[in-house]
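S.K.: So that we are looking at the same thing, I have put the structure below in structure tokens.
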Amino acid sequence: MSLEGKRVAVLVGDEYEELEVWYPLLRLQEEGAQCDLIGLEAEQPAKGKHGYPAKSDKGINDVSAADYDAIVVPGGYMPDKLRRSKAILEFCQEFDKAGKVIGVICHGPWILVSAKLLKGRTMTSTPAVRDDVENAGATWVDREAVRDRNLISARRPADLPAFCKLMIAAMQEKK
């Protein structure tokens, strides 16, 4: 188990993209990581875009980036809602400031745009948010998964195998 002892925060909220939450969460758990679903409040129900339910383990005000080794920011319409939370933005900023792994998928970059974390970065996303990513100062590329230092990005659910490989490799590098 290559990620034994590592902890990962996975953001969750209404209209999350199911595969972009559950695939990385289960894959990282397979490698030995402990994963927590982080929502705006603890034990808050969330309904996925396709109706699959989730419930946050912890609320954003109950956690700190210091508690985790990495974060996964899934897509769906959830990021457009969560980026309105100052606490969510600060949580992501703490990860970046500490050089911890930030994984972002599909529409997830909306949160990083609002957190002002993309200037000078190279990444991918769903083409629908390409303009937002570029206007935030990043170089957008059309590849299944991209790593730029501590930032791992993917375009869509079909890219999750490549995304998870990069996440696992990046987390293994961090002592």
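Following the order of the structure tokens, chains are lettered A, B, ..., residues in each are numbered from 1, and ligands are numbered from 1.
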Can you tell me, as a PyMOL selection string, what residues are no more than 10 Å from region 155-169 of chain A when counting only C-alpha atoms, ignoring any on the same chain fewer than 6 positions away?
M.R.: chain A and resi 2-3+17-21+23-25+27-28+31+33+70-72+74-76+101-108+123-129+141-147
S.K.: Based on the backbone DSSP call, show me all residues of chain A assigned strand (DSSP E or B), as a count of residues only.
M.R.: 42
S.K.: Give me every helix (DSSP H, G or I) residue in region 17-170 of chain A, going by DSSP on the backbone, as number ranges by chain.
M.R.: A: 18-30, 60-62, 65-67, 78-82, 86-97, 109-114, 127-135, 157-170
S.K.: Grab the CA of Gly99 (chain A) to CA of Tyr77 (chain A) distance for me, in Å with one decimal place.
M.R.: 26.6 Å
S.K.: Provide the CA of Trp140 (chain A) to CA of Cys92 (chain A) distance in Å, to one decimal place.
M.R.: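 The value is 19.9 Å.
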S.K.: Which is closest to Leu151 (chain A) among A:Asp96, A:Gly120, A:Thr139, A:Asp132, if we use only C-alpha atoms?
M.R.: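 Selected residue with least distance to Leu151 (chain A): A:Asp96.
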S.K.: What separation in Å, quoted to one decimal, exists between CA of Leu11 (chain A) and CA of Asp57 (chain A)?
M.R.: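 These atoms are spaced 10.2 Å apart.
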S.K.: Could you give me, as a PyMOL selection string, the residues within 8 Å of Glu15 (chain A), counting only C-alpha atoms and dropping anything in the same chain fewer than 3 positions from it?
M.R.: chain A and resi 46-50+76-78
